Structures are given as structure tokens and as C-alpha cells.
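Comments concern the structure below.
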Amino acid sequence: MKAITLNGYGGPETLRLTDLPDPKVAPGEVLVRVRAAGVNPVDWKLAEGRLDALMETHFPLVPGWDVAGVVERVGFDVEEFAPGDEVFGYIRKDTVQFGAYAEFVAAHVRMLALKPAALTWEQAAGVPLAGLTAYQAIKRVGVGAGDTVLVHAAAGGVGSLGVQIAVALGARVIGTASARNHDFVRGLGAEPVTYGPGLVDRVARLAPGGIDAALDFVGAGTVDASLHLLGRPDRLASIADPEAAAKGGHYVWVRPDPVDLSALADLADRGKLEVHVEKVLPLEEAAEAWRLNSQGHTRGKLVLSVGTR
């Protein structure tokens with residue numbers, strides 16, 4: 001199979017399109033013929049060695065944790081899926097080596113769900129990591145109908161999905177974004193507010209009674225700003241600032257979960273969750289996708305299209 005690989009820690013310049021043997025398929029796993037792979041900041045951060053203290057990594061390494069594709073074959077004792085099923089998933093294994101930037105990837109059934117019919121391959125590949133991150137953060141702080149929720153980085157990959165999930169739950173959402181993204185954030189169902197100095201005052205004017213929950217999807221001091229506006233620190237969740245937990249909130253690290261994935265698929269199929277794909281690049285241009293993603297200005301998602309044999 002064709003795959004993007006790197007032979008050691010480094011930046012986009014280390015990525016190579018190479019030939020690898022097709023993956024082995026262990027009991028409880030399926031082989032997925034990849035149609036599209038999502039690009040996330042964690043992909044290039046891991047490749048730079050930033051997670052070396054946390055995750056066992058082996059080279060040559062195929063990056064990528066987000067996949068949408070078709071089940072090619074199943075391993076022993078798999079009853080959840082059959083060849084031909086269209087699936088999507090967050091392929092995070094116990095060790096990091098064989099990811100989704102390839103024509104095929106083996107994945108345990110606990111990492112997959114049936115692909116939402118309402119989404120294209122590219123849109124579906126943009127959901128798993130970002131969607132699960134947002135969904136699990138929202139569950140952690142108990143967002144529900146009638147809540148006023150502050151979502152930081154509302155135009156980004158995680159934030160844009162988080163806004164829609166919170167709205168679907170009946171919450172009022174205030175979303176931080178640059179001025180150029182305000183119309184986009186409004187289209188997601190949130191009230192946009194510009195981030196930066198004076199944010200607390202701007203949010204307070206929109207919600208003089210305070211906010212009920214806050215979701216930090218960017219870091220950069222937003223935890224402290226959120227705590228100024230919140231009545232209860234336990235209704236703050238951050239995916240970017242570990243200090244959130246020390247200050248009474250939650251530091252969330254996303255987990256593969258087929259039930260949560262299916263819930264996201266259901267939202268998409270009911271028209272409650274749309275995925276904005278900023279750009280689709282072919283697999284061989286993964287390095288360019290990383291360069292674009294690392295600039296931090298992506299609206300929605302970047303996705304790699306994978307042409308399989």
C-alpha cells in the first residue's frame with residue numbers, strides 16, 4: 001500500500017510517500033480501505049516529538065488518527081462490521097506507528113462506527129478526533145438545555161463542532177473568534193465575540209447574568225478568563241491547558257468511543273452537525289496540509305483524500 005511515513009521525529013519536510021506492506025488484522029480488528037484522513041494539530045505535534053513522554057512511538061511511523069473508509073475484511077471474532085460497511089473512526093492505538101495516512105489501516109472495532117450517510121468521505125474524516133473531543137468535553141461539564149455556554153476558538157475544527165453539539169442540546173452559545181470568522185460562527189448557531197484583551201467585558205455584556213459552562217479549545221489564558229465569568233469552576237473544561245484541573249475544572253484528553261461516535265453520526269444524519277472542510281489535499285501533499293494546519297488559521301478542517309488501489 002501507499003502510505004505517508006516518517007523515519008524519526010521532525011517537521012513536514014520529513015514526510016515521505018512510500019510503499020508498505022498491507023496491515024495485519026488482529027482478532028477484534030477490521031481492515032479499512034481509507035477514502036479520507038483528517039488532519040489534526042496532534043499529528044504534527046506528535047511527529048515533532050512533543051508527546052514522546054506520553055506515548056510509545058515506533059518508526060517508520062504512519063501519522064493520522066482520523067479515518068473514513070470502507071471495511072475491506074474483518075478479523076476473527078468480529079460481528080460489529082462486515083466487508084463493504086462504510087465506517088469512520090478515531091484510530092488511536094496503544095502504541096503509535098500505523099495510522100490513517102495510508103491506503104489501508106487496521107482498527108479495533110471499539111474505535112469505529114458506521115459513517116453518517118449525510119456526510120461526504122472528507123466531511124466524515126473531519127469528525128472523529130475533533131467531534132469526540134468536543135462531545136466529551138461537553139459531557140464532562142454537563143451542558144444542557146437552557147445553559148449559556150462560552151466556546152473558545154469557535155471557528156476551529158473542535159470549536160465549530162462543539163458549538164453545534166451544544167446548540168443541539170438546547171444551549172445558548174457564545175463563541176470567540178476573529179472578526180473575519182464572525183459570520184461563520186453565526187451560521188453555526190452561536191453569538192460571536194472577538195477574542196483578546198477585553199474578552200471578559202465583552203462576554204459580560206452579552207450575558208450579564210453570567211455563563212453556565214465554558215469550553216476552552218485554544219488555551220492562551222482563556223481558562224482564567226472563563227473562571228472570571230463562571231459561577232462554578234467545575235463547569236469549565238479545557239483541552240489545551242492542564243492547569244484547568246488544578247483550578248477546579250477539567251482537563252480533557254479525548255478517548256476512542258464507538259457510542260459517542262454513533263451519537264455524532266446521528267446528529268449529522270439529523271442535520272444537526274455539519275462539517276466545514278476548509279481544504280482537501282491529496283495524500284501525497286500531507287506535508288503541505290501540516291504547514292497549513294500549523295499556521296493556526298484553519299476554519300473547520302483540513303482533510304487528505306486517499307486514492308486506493
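By convention here, the chains of the C-alpha cells are called A, B, ... in the order presented, each chain's residues are numbered starting at 1, and ligands are numbered starting at 1 in the order presented.
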Proximity check stretch 80-111 of chain A to stretch 276-282 of chain A, 12 Å, nearest pairs one decimal Å, only C-alpha atoms, as a tab-separated table:
residue	atom	partner	partner_atom	distance
A:Tyr101	CA	A:Pro282	CA	10.3
A:Ala102	CA	A:Pro282	CA	11.2
A:Glu103	CA	A:Pro282	CA	11.7
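Residues lying within 9 Å of A:Ala177, counting only C-alpha atoms and ignoring same-chain neighbours fewer than 4 positions away, are His152, Ala153, Ala154, Ala155, Gly156, Asn181, His182, Val185, Pro192, Val193, Thr194 and Tyr195 of chain A.
Distance annotation: of A:Ala26, A:Leu188, A:Ala204, A:Val32, the residue with the minimal separation from A:Phe104 is A:Val32; atom set is only C-alpha atoms.
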* Compile the contact shell of A:Val87 as a list of chain:residue names: residues with an atom at most 9 Å away, counting only C-alpha atoms, same-chain residues fewer than 2 positions apart removed. => A:Val32, A:Val67, A:Ala68, A:Gly69, A:Val70, A:Val71, A:Phe81, A:Asp85, A:Gly89, A:Leu112, A:Ala113, A:Leu114, A:Lys115, A:Pro116, A:Ala124
Tell me, as a PDB file with C-alpha atoms, in the first residue's frame, which residues lie within 10 Å of A:Leu61, counting only C-alpha atoms; anything in the same chain fewer than 3 positions away does not count.
ATOM      1  CA  ALA A   3       1.442   5.485   2.896  1.00  0.00           C
ATOM      2  CA  ILE A   4       2.922   8.679   4.274  1.00  0.00           C
ATOM      3  CA  THR A   5       5.783   7.853   6.620  1.00  0.00           C
ATOM      4  CA  LEU A   6       8.499   9.479   8.687  1.00  0.00           C
ATOM      5  CA  ASN A   7      11.601   7.717   9.978  1.00  0.00           C
ATOM      6  CA  GLY A   8      12.223   9.922  13.003  1.00  0.00           C
ATOM      7  CA  TYR A   9      10.913  12.977  14.775  1.00  0.00           C
ATOM      8  CA  LEU A  15       7.239  13.143   5.405  1.00  0.00           C
ATOM      9  CA  ALA A  47       5.821  13.988  14.785  1.00  0.00           C
ATOM     10  CA  THR A  57       6.150   5.666  19.351  1.00  0.00           C
ATOM     11  CA  HIS A  58       7.813   3.425  16.746  1.00  0.00           C
ATOM     12  CA  GLY A  64      -3.044  10.163  11.353  1.00  0.00           C
ATOM     13  CA  VAL A  96       1.817   4.965  17.733  1.00  0.00           C
ATOM     14  CA  GLN A  97       3.057   3.596  14.409  1.00  0.00           C
ATOM     15  CA  PHE A  98       0.366   2.646  11.887  1.00  0.00           C
ATOM     16  CA  GLY A  99      -2.085   5.494  11.362  1.00  0.00           C
ATOM     17  CA  TYR A 101      -2.343   8.476   6.249  1.00  0.00           C
TER      18      TYR A 101
END
* **For atom CA of A:Glu48 and atom CA of A:Val223, the interatomic separation in Å (one decimal)** =>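 Interatomic distance here is 25.9 Å.
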